[in-house]
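Trainee: My structure is stored as input.cif, with mmCIF, C-alpha atoms.
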data_work
#
loop_
_atom_site.group_PDB
_atom_site.id
_atom_site.type_symbol
_atom_site.label_atom_id
_atom_site.label_comp_id
_atom_site.auth_asym_id
_atom_site.auth_seq_id
_atom_site.Cartn_x
_atom_site.Cartn_y
_atom_site.Cartn_z
ATOM 1 C CA MET A 1 8.026 11.035 75.211
ATOM 2 C CA VAL A 2 7.566 14.793 75.559
ATOM 3 C CA HIS A 3 7.761 15.204 71.785
ATOM 4 C CA ALA A 4 5.138 12.499 71.287
ATOM 5 C CA GLN A 5 2.841 14.230 73.777
ATOM 6 C CA GLN A 6 3.299 17.546 71.967
ATOM 7 C CA ARG A 7 2.498 15.945 68.610
ATOM 8 C CA LEU A 8 -0.656 14.328 69.948
ATOM 9 C CA THR A 9 -1.768 17.504 71.720
ATOM 10 C CA ALA A 10 -1.204 19.646 68.621
ATOM 11 C CA ALA A 11 -3.267 17.245 66.505
ATOM 12 C CA ALA A 12 -6.064 17.149 69.064
ATOM 13 C CA ARG A 13 -6.199 20.990 69.203
ATOM 14 C CA SER A 14 -6.082 21.487 65.436
ATOM 15 C CA VAL A 15 -8.508 23.688 63.523
ATOM 16 C CA ALA A 16 -10.331 23.017 60.257
ATOM 17 C CA GLY A 17 -8.052 22.987 57.237
ATOM 18 C CA GLN A 18 -4.852 22.530 59.231
ATOM 19 C CA GLN A 19 -2.382 19.895 58.011
ATOM 20 C CA VAL A 20 0.400 17.909 59.663
ATOM 21 C CA GLU A 21 2.955 15.412 58.383
ATOM 22 C CA SER A 22 2.801 11.651 58.732
ATOM 23 C CA LEU A 23 5.370 9.333 57.139
ATOM 24 C CA GLY A 24 6.766 12.286 55.192
ATOM 25 C CA ARG A 25 3.435 13.266 53.606
ATOM 26 C CA PRO A 26 0.892 15.998 54.475
ATOM 27 C CA THR A 27 -2.375 14.819 55.967
ATOM 28 C CA SER A 28 -5.134 16.027 58.251
ATOM 29 C CA PRO A 29 -4.644 15.893 62.035
ATOM 30 C CA GLN A 30 -7.564 13.481 62.254
ATOM 31 C CA ARG A 31 -5.879 11.041 59.873
ATOM 32 C CA PHE A 32 -2.599 11.485 61.748
ATOM 33 C CA LEU A 33 -4.310 10.377 64.984
ATOM 34 C CA ASN A 34 -5.660 7.347 63.148
ATOM 35 C CA ASP A 35 -2.124 6.701 61.903
ATOM 36 C CA VAL A 36 -1.003 6.636 65.540
ATOM 37 C CA ARG A 37 -3.669 4.056 66.242
ATOM 38 C CA ALA A 38 -2.610 1.980 63.208
ATOM 39 C CA ALA A 39 1.049 2.147 64.263
ATOM 40 C CA THR A 40 0.068 1.123 67.797
ATOM 41 C CA LEU A 41 -1.854 -1.840 66.402
ATOM 42 C CA ALA A 42 1.105 -2.835 64.220
ATOM 43 C CA ILE A 43 3.584 -2.613 67.092
ATOM 44 C CA CYS A 44 1.510 -4.623 69.547
ATOM 45 C CA SER A 45 0.220 -7.231 67.084
ATOM 46 C CA THR A 46 3.658 -8.179 65.787
ATOM 47 C CA TRP A 47 5.949 -7.535 68.760
ATOM 48 C CA PRO A 48 8.968 -7.759 68.798
ATOM 49 C CA ALA A 49 9.149 -6.970 65.057
ATOM 50 C CA THR A 50 9.373 -3.225 65.794
ATOM 51 C CA ALA A 51 12.110 -3.770 68.385
ATOM 52 C CA GLU A 52 14.121 -5.654 65.766
ATOM 53 C CA ALA A 53 13.647 -2.815 63.274
ATOM 54 C CA LEU A 54 14.338 0.024 65.749
ATOM 55 C CA THR A 55 16.890 -1.365 68.194
ATOM 56 C CA SER A 56 17.993 2.104 69.333
ATOM 57 C CA ALA A 57 14.523 3.220 70.489
ATOM 58 C CA ASP A 58 14.099 4.112 74.153
ATOM 59 C CA HIS A 59 12.056 2.173 76.735
ATOM 60 C CA LEU A 60 11.534 -0.889 74.557
ATOM 61 C CA ASP A 61 11.252 -2.938 77.756
ATOM 62 C CA ALA A 62 8.098 -1.019 78.740
ATOM 63 C CA VAL A 63 6.537 -1.675 75.321
ATOM 64 C CA ALA A 64 7.561 -5.340 75.568
ATOM 65 C CA ALA A 65 5.822 -5.627 78.947
ATOM 66 C CA HIS A 66 2.579 -4.297 77.447
ATOM 67 C CA ALA A 67 2.830 -6.563 74.402
ATOM 68 C CA GLU A 68 3.365 -9.535 76.698
ATOM 69 C CA THR A 69 0.202 -8.640 78.627
ATOM 70 C CA LEU A 70 -1.761 -8.607 75.368
ATOM 71 C CA SER A 71 -0.423 -12.041 74.425
ATOM 72 C CA ARG A 72 -1.886 -13.696 77.511
ATOM 73 C CA ALA A 73 -5.056 -15.763 77.368
ATOM 74 C CA PRO A 74 -8.243 -13.626 77.233
ATOM 75 C CA THR A 75 -9.470 -14.968 80.586
ATOM 76 C CA GLU A 76 -6.188 -13.993 82.230
ATOM 77 C CA ARG A 77 -6.267 -10.502 80.698
ATOM 78 C CA ALA A 78 -9.842 -9.955 81.842
ATOM 79 C CA GLY A 79 -8.976 -10.187 85.527
ATOM 80 C CA PRO A 80 -9.766 -7.360 87.975
ATOM 81 C CA GLN A 81 -6.077 -6.440 88.199
ATOM 82 C CA GLY A 82 -6.026 -5.293 84.566
ATOM 83 C CA ASP A 83 -6.143 -1.802 83.125
ATOM 84 C CA GLY A 84 -9.646 -2.148 81.724
ATOM 85 C CA TRP A 85 -10.967 -3.600 78.454
ATOM 86 C CA LEU A 86 -9.855 -0.742 76.188
ATOM 87 C CA ALA A 87 -6.340 -0.717 77.606
ATOM 88 C CA ARG A 88 -6.073 -4.446 76.942
ATOM 89 C CA SER A 89 -7.192 -4.037 73.321
ATOM 90 C CA VAL A 90 -4.415 -4.300 70.776
ATOM 91 C CA ASP A 91 -4.921 -0.824 69.260
ATOM 92 C CA HIS A 92 -5.340 1.094 72.539
ATOM 93 C CA PRO A 93 -2.569 2.324 74.810
ATOM 94 C CA PRO A 94 -2.086 0.630 78.194
ATOM 95 C CA GLY A 95 -3.338 2.140 81.429
ATOM 96 C CA ASP A 96 0.145 2.189 82.943
ATOM 97 C CA PRO A 97 1.564 5.701 82.267
ATOM 98 C CA LEU A 98 5.153 4.646 81.512
ATOM 99 C CA ARG A 99 4.074 1.877 79.152
ATOM 100 C CA ALA A 100 1.586 4.200 77.441
ATOM 101 C CA ALA A 101 4.187 6.947 77.026
ATOM 102 C CA ALA A 102 6.771 4.486 75.672
ATOM 103 C CA LEU A 103 4.270 3.029 73.202
ATOM 104 C CA MET A 104 3.103 6.448 71.975
ATOM 105 C CA ALA A 105 6.706 7.649 71.638
ATOM 106 C CA LEU A 106 7.556 4.594 69.529
ATOM 107 C CA ALA A 107 4.495 5.062 67.282
ATOM 108 C CA VAL A 108 5.195 8.784 66.778
ATOM 109 C CA ARG A 109 8.866 8.050 66.069
ATOM 110 C CA ILE A 110 7.826 5.808 63.167
ATOM 111 C CA LEU A 111 5.345 8.373 61.798
ATOM 112 C CA ASP A 112 7.789 11.279 62.141
ATOM 113 C CA ASP A 113 10.433 9.518 60.047
ATOM 114 C CA PRO A 114 10.078 10.091 56.273
ATOM 115 C CA GLY A 115 11.489 6.570 55.918
ATOM 116 C CA GLY A 116 9.053 5.212 58.501
ATOM 117 C CA GLN A 117 6.828 3.834 55.740
ATOM 118 C CA THR A 118 9.381 1.083 55.111
ATOM 119 C CA VAL A 119 9.639 0.297 58.830
ATOM 120 C CA LEU A 120 5.841 0.181 59.178
ATOM 121 C CA ALA A 121 5.506 -1.981 56.064
ATOM 122 C CA ARG A 122 8.136 -4.400 57.361
ATOM 123 C CA VAL A 123 6.340 -4.652 60.700
ATOM 124 C CA LEU A 124 2.903 -5.078 59.128
ATOM 125 C CA SER A 125 4.245 -7.833 56.869
ATOM 126 C CA ARG A 126 4.621 -9.895 60.058
ATOM 127 C CA LEU A 127 0.877 -9.588 60.782
ATOM 128 C CA PRO A 128 -0.939 -12.680 59.430
ATOM 129 C CA SER A 129 -4.274 -11.981 57.738
ATOM 130 C CA SER A 130 -5.898 -14.523 60.083
ATOM 131 C CA ARG A 131 -5.202 -12.385 63.175
ATOM 132 C CA ALA A 132 -7.801 -10.108 64.773
ATOM 133 C CA GLY A 133 -5.311 -7.257 64.551
ATOM 134 C CA TYR A 134 -5.298 -7.533 60.751
ATOM 135 C CA ARG A 135 -9.090 -7.264 60.614
ATOM 136 C CA ARG A 136 -8.956 -4.189 62.877
ATOM 137 C CA LEU A 137 -6.340 -2.657 60.590
ATOM 138 C CA LYS A 138 -8.526 -3.183 57.512
ATOM 139 C CA ARG A 139 -11.406 -1.353 59.224
ATOM 140 C CA LEU A 140 -9.127 1.483 60.309
ATOM 141 C CA ALA A 141 -7.199 1.882 57.038
ATOM 142 C CA PRO A 142 -9.797 4.023 55.161
ATOM 143 C CA HIS A 143 -9.446 6.688 57.868
ATOM 144 C CA CYS A 144 -5.622 6.802 57.788
ATOM 145 C CA SER A 145 -3.178 8.933 55.788
ATOM 146 C CA PRO A 146 -1.790 8.160 52.305
ATOM 147 C CA GLY A 147 1.501 7.144 53.921
ATOM 148 C CA VAL A 148 -0.150 4.390 55.956
ATOM 149 C CA HIS A 149 -2.104 3.232 52.872
ATOM 150 C CA ALA A 150 1.194 2.911 51.011
ATOM 151 C CA ALA A 151 2.782 1.034 53.939
ATOM 152 C CA ILE A 152 -0.125 -1.433 54.027
ATOM 153 C CA GLY A 153 0.204 -2.048 50.287
ATOM 154 C CA GLU A 154 3.953 -2.528 50.576
ATOM 155 C CA SER A 155 3.486 -4.941 53.479
ATOM 156 C CA THR A 156 1.164 -7.108 51.363
ATOM 157 C CA HIS A 157 3.909 -7.603 48.780
ATOM 158 C CA MET A 158 6.420 -8.402 51.531
ATOM 159 C CA ARG A 159 4.045 -10.886 53.170
ATOM 160 C CA HIS A 160 3.593 -12.807 49.944
ATOM 161 C CA GLY A 161 7.335 -13.022 49.538
ATOM 162 C CA THR A 162 8.136 -14.307 53.031
ATOM 163 C CA VAL A 163 7.041 -17.098 55.334
ATOM 164 C CA VAL A 164 5.657 -15.937 58.644
ATOM 165 C CA GLY A 165 6.637 -18.591 61.156
ATOM 166 C CA PRO A 166 6.116 -19.022 64.890
ATOM 167 C CA PRO A 167 7.835 -16.592 67.243
ATOM 168 C CA ALA A 168 11.466 -17.536 67.791
ATOM 169 C CA LEU A 169 11.522 -16.668 71.481
ATOM 170 C CA PHE A 170 9.611 -19.602 72.894
ATOM 171 C CA PRO A 171 7.928 -19.194 76.324
ATOM 172 C CA GLN A 172 9.917 -20.521 79.271
ATOM 173 C CA PRO A 173 7.601 -22.269 81.807
ATOM 174 C CA PRO A 174 8.472 -22.496 85.544
ATOM 175 C CA SER A 175 9.505 -26.140 85.168
ATOM 176 C CA ASN A 176 12.196 -26.015 87.874
ATOM 177 C CA HIS A 177 10.254 -24.255 90.603
ATOM 178 C CA GLY A 178 11.582 -25.493 93.960
ATOM 179 C CA LEU A 179 14.464 -27.379 92.347
ATOM 180 C CA LEU A 180 16.795 -24.419 91.852
ATOM 181 C CA ASP A 181 17.303 -21.400 94.104
ATOM 182 C CA PRO A 182 16.994 -18.267 91.930
ATOM 183 C CA LYS A 183 19.265 -16.393 94.354
ATOM 184 C CA ASN A 184 22.166 -18.508 93.064
ATOM 185 C CA ILE A 185 21.658 -17.441 89.446
ATOM 186 C CA PRO A 186 24.136 -14.774 88.247
ATOM 187 C CA GLN A 187 23.553 -12.231 85.478
ATOM 188 C CA LEU A 188 26.000 -14.089 83.252
ATOM 189 C CA LEU A 189 26.311 -17.864 83.542
ATOM 190 C CA PRO A 190 29.707 -19.115 84.811
ATOM 191 C CA ASP A 191 31.809 -21.595 82.827
ATOM 192 C CA ALA A 192 30.826 -24.445 85.149
ATOM 193 C CA TRP A 193 27.175 -24.024 84.141
ATOM 194 C CA ALA A 194 27.411 -22.773 80.584
ATOM 195 C CA TRP A 195 29.372 -25.573 78.880
ATOM 196 C CA PRO A 196 26.226 -26.929 77.104
ATOM 197 C CA LEU A 197 26.125 -23.580 75.259
ATOM 198 C CA ASP A 198 29.670 -24.084 73.969
ATOM 199 C CA GLU A 199 28.313 -26.578 71.450
ATOM 200 C CA PHE A 200 26.598 -23.725 69.584
ATOM 201 C CA ASN A 201 28.235 -21.465 67.058
ATOM 202 C CA GLY A 202 26.301 -18.510 68.433
ATOM 203 C CA PRO A 203 26.681 -15.216 70.318
ATOM 204 C CA ALA A 204 28.362 -16.637 73.433
ATOM 205 C CA ARG A 205 27.962 -13.690 75.836
ATOM 206 C CA GLN A 206 24.372 -12.987 74.830
ATOM 207 C CA LEU A 207 23.526 -16.677 75.141
ATOM 208 C CA ARG A 208 24.882 -16.743 78.694
ATOM 209 C CA ARG A 209 22.866 -13.661 79.619
ATOM 210 C CA ASP A 210 19.708 -14.970 77.957
ATOM 211 C CA ALA A 211 20.133 -18.388 79.601
ATOM 212 C CA ALA A 212 20.357 -16.694 83.023
ATOM 213 C CA ILE A 213 17.068 -14.886 82.321
ATOM 214 C CA ARG A 214 15.424 -18.149 81.295
ATOM 215 C CA LEU A 215 16.717 -19.946 84.390
ATOM 216 C CA VAL A 216 15.034 -17.321 86.570
ATOM 217 C CA GLN A 217 11.809 -17.837 84.605
ATOM 218 C CA MET A 218 12.146 -21.593 85.106
ATOM 219 C CA THR A 219 12.439 -21.114 88.872
ATOM 220 C CA ARG A 220 10.147 -18.125 89.528
ATOM 221 C CA GLY A 221 7.849 -17.931 86.498
ATOM 222 C CA GLY A 222 6.885 -14.530 85.118
ATOM 223 C CA SER A 223 7.999 -12.495 82.131
ATOM 224 C CA ARG A 224 11.443 -11.955 80.644
ATOM 225 C CA ALA A 225 11.336 -8.343 81.825
ATOM 226 C CA ALA A 226 10.570 -9.429 85.403
ATOM 227 C CA ALA A 227 13.362 -12.020 85.329
ATOM 228 C CA ALA A 228 15.835 -9.440 84.018
ATOM 229 C CA ARG A 229 14.836 -6.999 86.764
ATOM 230 C CA TYR A 230 15.375 -9.731 89.367
ATOM 231 C CA LEU A 231 18.888 -10.265 88.051
ATOM 232 C CA GLY A 232 19.583 -6.540 87.886
ATOM 233 C CA ILE A 233 20.002 -6.559 84.090
ATOM 234 C CA ALA A 234 19.476 -3.129 82.559
ATOM 235 C CA PRO A 235 16.589 -2.742 80.042
ATOM 236 C CA GLY A 236 19.027 -1.939 77.240
ATOM 237 C CA ALA A 237 21.023 -5.110 77.872
ATOM 238 C CA LEU A 238 17.787 -7.124 77.984
ATOM 239 C CA GLN A 239 16.633 -5.704 74.646
ATOM 240 C CA SER A 240 20.029 -6.338 73.063
ATOM 241 C CA ALA A 241 19.988 -9.963 74.217
ATOM 242 C CA THR A 242 16.389 -10.435 73.069
ATOM 243 C CA VAL A 243 16.998 -9.140 69.544
ATOM 244 C CA THR A 244 20.278 -11.051 69.134
ATOM 245 C CA ILE A 245 18.978 -14.367 70.462
ATOM 246 C CA ARG A 246 15.737 -14.105 68.474
ATOM 247 C CA ALA A 247 17.703 -13.757 65.230
ATOM 248 C CA TRP A 248 19.969 -16.666 66.205
ATOM 249 C CA GLN A 249 17.026 -18.903 67.128
ATOM 250 C CA LYS A 250 15.472 -18.443 63.702
ATOM 251 C CA MET A 251 18.232 -20.565 62.168
ATOM 252 C CA PRO A 252 17.054 -24.167 61.637
ATOM 253 C CA GLY A 253 17.371 -26.384 64.692
ATOM 254 C CA ASN A 254 18.708 -23.707 67.052
ATOM 255 C CA ALA A 255 15.524 -23.184 69.086
ATOM 256 C CA ASP A 256 15.087 -26.901 69.884
ATOM 257 C CA ALA A 257 18.785 -27.379 70.632
ATOM 258 C CA TYR A 258 18.775 -24.328 72.897
ATOM 259 C CA GLN A 259 15.773 -25.636 74.836
ATOM 260 C CA ASP A 260 17.570 -28.935 75.407
ATOM 261 C CA ALA A 261 20.702 -27.085 76.533
ATOM 262 C CA LEU A 262 18.668 -25.048 79.020
ATOM 263 C CA GLN A 263 17.351 -28.211 80.622
ATOM 264 C CA ARG A 264 20.907 -29.522 81.029
ATOM 265 C CA ILE A 265 22.051 -26.184 82.453
ATOM 266 C CA ALA A 266 19.186 -26.224 84.956
ATOM 267 C CA GLU A 267 20.230 -29.706 86.112
ATOM 268 C CA ILE A 268 23.862 -28.590 86.487
ATOM 269 C CA ALA A 269 22.845 -25.443 88.368
ATOM 270 C CA ALA A 270 20.562 -27.384 90.707
ATOM 271 C CA ALA A 271 23.430 -29.680 91.662
ATOM 272 C CA THR A 272 26.022 -26.935 92.180
ATOM 273 C CA GLU A 273 26.308 -23.344 93.322
ATOM 274 C CA ALA A 274 27.396 -20.386 91.245
ATOM 275 C CA PRO A 275 30.931 -19.199 92.038
ATOM 276 C CA SER A 276 30.756 -16.282 94.481
ATOM 277 C CA SER A 277 32.624 -14.037 92.048
ATOM 278 C CA THR A 278 29.735 -14.214 89.578
ATOM 279 C CA ARG A 279 26.811 -13.861 91.971
ATOM 280 C CA LEU A 280 25.346 -10.348 91.884
ATOM 281 C CA THR A 281 22.979 -9.043 94.528
ATOM 282 C CA ALA A 282 19.436 -8.801 93.232
ATOM 283 C CA PRO A 283 17.706 -5.434 93.814
ATOM 284 C CA GLU A 284 15.199 -6.816 96.330
ATOM 285 C CA GLU A 285 18.034 -8.363 98.359
ATOM 286 C CA MET A 286 19.766 -5.038 98.977
ATOM 287 C CA THR A 287 19.935 -4.232 102.697
ATOM 288 C CA VAL A 288 21.291 -1.363 104.746
ATOM 289 C CA GLY A 289 24.578 -2.626 106.132
ATOM 290 C CA PRO A 290 26.845 -1.308 108.864
ATOM 291 C CA ARG A 291 29.373 0.061 106.365
ATOM 292 C CA THR A 292 28.707 3.391 104.682
ATOM 293 C CA SER A 293 30.719 5.764 102.580
ATOM 294 C CA GLY A 294 31.660 9.227 103.757
ATOM 295 C CA CYS A 295 28.406 10.509 102.278
ATOM 296 C CA GLY A 296 26.364 8.001 104.275
ATOM 297 C CA THR A 297 25.566 5.772 101.286
ATOM 298 C CA ALA A 298 24.748 2.237 102.378
ATOM 299 C CA PHE A 299 26.545 -0.705 100.765
ATOM 300 C CA PRO A 300 24.895 -4.130 100.270
ATOM 301 C CA GLN A 301 25.806 -6.766 102.813
ATOM 302 C CA PRO A 302 28.405 -9.230 101.454
#
Could you spell out this file's structure in C-alpha cells?
Mentor:
Amino acid sequence: MVHAQQRLTAAARSVAGQQVESLGRPTSPQRFLNDVRAATLAICSTWPATAEALTSADHLDAVAAHAETLSRAPTERAGPQGDGWLARSVDHPPGDPLRAAALMALAVRILDDPGGQTVLARVLSRLPSSRAGYRRLKRLAPHCSPGVHAAIGESTHMRHGTVVGPPALFPQPPSNHGLLDPKNIPQLLPDAWAWPLDEFNGPARQLRRDAAIRLVQMTRGGSRAAAARYLGIAPGALQSATVTIRAWQKMPGNADAYQDALQRIAEIAAATEAPSSTRLTAPEEMTVGPRTSGCGTAFPQP
C-alpha cells in the first residue's frame, strides 16, 4: 500500500517531459494515472477475475467488499450511508480508506509487473461489451499508455475465443432467517451436517468452509465477507475458499447441485446442534471471563 501511494504521489508531482513505466513500457505520468483508472475499472467490473489471477495479493477481502457494494442495485447504492456518487462509480476508488488503499495497491501491482499486460488482458476479456464499464473503458483508452492499449487488444481476441457466462458464485439469500441459529454454525461443517457434500467429487475441506459461510448468509443475510468475519474466518482463508469453489462451480451441473445440497444441510442443521468440539466463538461473542493468564489476558467464556 505504501509503494502504491509513493507511485501515485510521484506521478502527481511529475514535471514536463518526465517518464515512468507502466506494464513494462515507458509512458507519461499522466497516462500512467489513467492506466491506474483503467486497471481500477477492470478490477471492479469483472471481480473476482483479478482475485483468480492474483491469488497471492494482499487484502483481497477489502477489494471484494468494495466490488460487492458496486454490484448492488443502483437505488441501494444511492442511499445516504454510501461514500458518495464518485466513490460508488466503477472506475473511482471507494471512500473507505482501507478499501481504497487495497484497490490502489492491486491496480499498481498489475501495472508494475512487466507481465501485467497478460493479467490485465485476461481480466478485461471477462468484461462484456454490453456493460457500462466497457463503454467507460473505450472512452478512457485513448488517454492510456501503449501497454494498456495492447492489453485491450489482447483481451478482444481472448473474448472472442471464450464464452463469458454468469458468475459462478451465486448469491445466497437469507432464506432460513429465524429457522437456524447462526451461533450454532461452526467454521467447518461437522460430519453430521456435511454428508450431502460427500456426493460431490470436489474440494471437501473448502466445500465445508464455504457451506458454513453460506449458512450464515442464509440465517443473517449480508455479504460473504461479513459472514466470514462472523465465523472468525481469516481473510486469506475466505479468499482461498472463494477462488477454489468458484472454479469448481464452473463445471457443468455443480452450481445447481451445490445449491440443493445447501438446502438439505440447512434443514439438517436446523433440526440438530453442531457438536461442541466444532463450535468456535464468534468475535462479537467474546466476553471478559473470570479466568485470565498471568499477563492478565482474558479468555472467552466456555
Trainee: From the options A:Leu207, A:Leu33, A:Ile185, A:Leu111, which residue's atoms come nearest to A:Leu140, counting all atoms listed in the file?
Mentor: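 Among the listed residues, A:Leu33 lies closest to A:Leu140.
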Trainee: Which is closest to A:Ala271 among A:Asp96, A:Asp210, A:Asp198, A:Asp181, if we use only C-alpha atoms?
Mentor: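 The answer is A:Asp181, which sits nearest to A:Ala271.
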Trainee: If you measure from atom CA of A:Arg209 to atom CA of A:Leu98, what distance in Å do you get, rounded to one decimal?
Mentor: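 Between these atoms lies a distance of 25.5 Å.
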Trainee: Compile the contact shell of stretch 226-231 of chain A as a list in words: residues with an atom at most 6 Å away, counting only C-alpha atoms, same-chain residues fewer than 2 positions apart removed.
Mentor: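 Counting only the stated atoms, we get Gln187, Ile213, Val216, Ser223, Arg224, Ile233 and Ala282 of chain A.
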Trainee: Evaluate the PyMOL selection byres ((chain A and resi 99) around 12) on the structure here and hand back the selected residues as a short mmCIF file (atom, residue, chain, number, x, y, z; two decimals) with C-alpha atoms, keeping the file's coordinate frame.
Mentor:
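Result written to result-v7.cif:
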data_model
loop_
_atom_site.label_atom_id
_atom_site.label_comp_id
_atom_site.auth_asym_id
_atom_site.auth_seq_id
_atom_site.Cartn_x
_atom_site.Cartn_y
_atom_site.Cartn_z
CA MET A 1 8.03 11.04 75.21
CA CYS A 44 1.51 -4.62 69.55
CA ASP A 58 14.10 4.11 74.15
CA HIS A 59 12.06 2.17 76.74
CA LEU A 60 11.53 -0.89 74.56
CA ASP A 61 11.25 -2.94 77.76
CA ALA A 62 8.10 -1.02 78.74
CA VAL A 63 6.54 -1.68 75.32
CA ALA A 64 7.56 -5.34 75.57
CA ALA A 65 5.82 -5.63 78.95
CA HIS A 66 2.58 -4.30 77.45
CA ALA A 67 2.83 -6.56 74.40
CA GLU A 68 3.36 -9.54 76.70
CA THR A 69 0.20 -8.64 78.63
CA ASP A 83 -6.14 -1.80 83.12
CA ALA A 87 -6.34 -0.72 77.61
CA HIS A 92 -5.34 1.09 72.54
CA PRO A 93 -2.57 2.32 74.81
CA PRO A 94 -2.09 0.63 78.19
CA GLY A 95 -3.34 2.14 81.43
CA ASP A 96 0.14 2.19 82.94
CA PRO A 97 1.56 5.70 82.27
CA LEU A 98 5.15 4.65 81.51
CA ALA A 100 1.59 4.20 77.44
CA ALA A 101 4.19 6.95 77.03
CA ALA A 102 6.77 4.49 75.67
CA LEU A 103 4.27 3.03 73.20
CA MET A 104 3.10 6.45 71.97
CA ALA A 105 6.71 7.65 71.64
CA LEU A 106 7.56 4.59 69.53
#
Trainee: My list of candidates is A:Glu21, A:Thr244, A:Arg31, A:Gly221. Which is closest to A:Ala51 when distances are computed with only C-alpha atoms?
Mentor: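 Between A:Glu21, A:Thr244, A:Arg31, A:Gly221, the residue approaching A:Ala51 most closely is A:Thr244.
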Trainee: Of the candidates A:Pro174, A:Pro29, A:Gly147, A:Pro203, which shows the shortest atom-to-atom distance to A:Ala247, using all atoms listed in the file?
Mentor: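 Checking each candidate against A:Ala247, we get A:Pro203 as the closest.
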Trainee: Can you measure atom CA of A:Gly236 to atom CA of A:Val36 for me? One decimal in Å is fine.
Mentor: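 Atom CA of A:Val36 lies at a distance of 24.7 Å from atom CA of A:Gly236.
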Trainee: Do you know which residues the PyMOL selection byres ((chain A and resi 150) around 10) returns on this file, as JSON, numbers by chain?
Mentor: {"A": [23, 117, 118, 120, 121, 145, 146, 147, 148, 149, 151, 152, 153, 154, 155]}
Trainee: With a distance cut-off of 7 Å and all atoms listed in the file, select the neighbouring residues of stretch 133-137 of chain A, excluding the residue or stretch itself and same-chain residues fewer than 5 positions from it, and output the selection as a list in words.
Mentor: Ala38, Leu41, Ser45, Val90, Leu127 and Pro128 of chain A
Trainee: Pull the neighbourhood of (-3.2, 16.9, 57.4) for me: all residues within 10 Å in file coordinates, counting all atoms listed in the file, as a list in words.
Mentor: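 Applying the cut-off with all atoms listed in the file, one gets Ala11, Ser14, Ala16, Gly17, Gln18, Gln19, Val20, Glu21, Ser22, Arg25, Pro26, Thr27, Ser28, Pro29, Gln30, Arg31, Phe32 and Ser145 of chain A.
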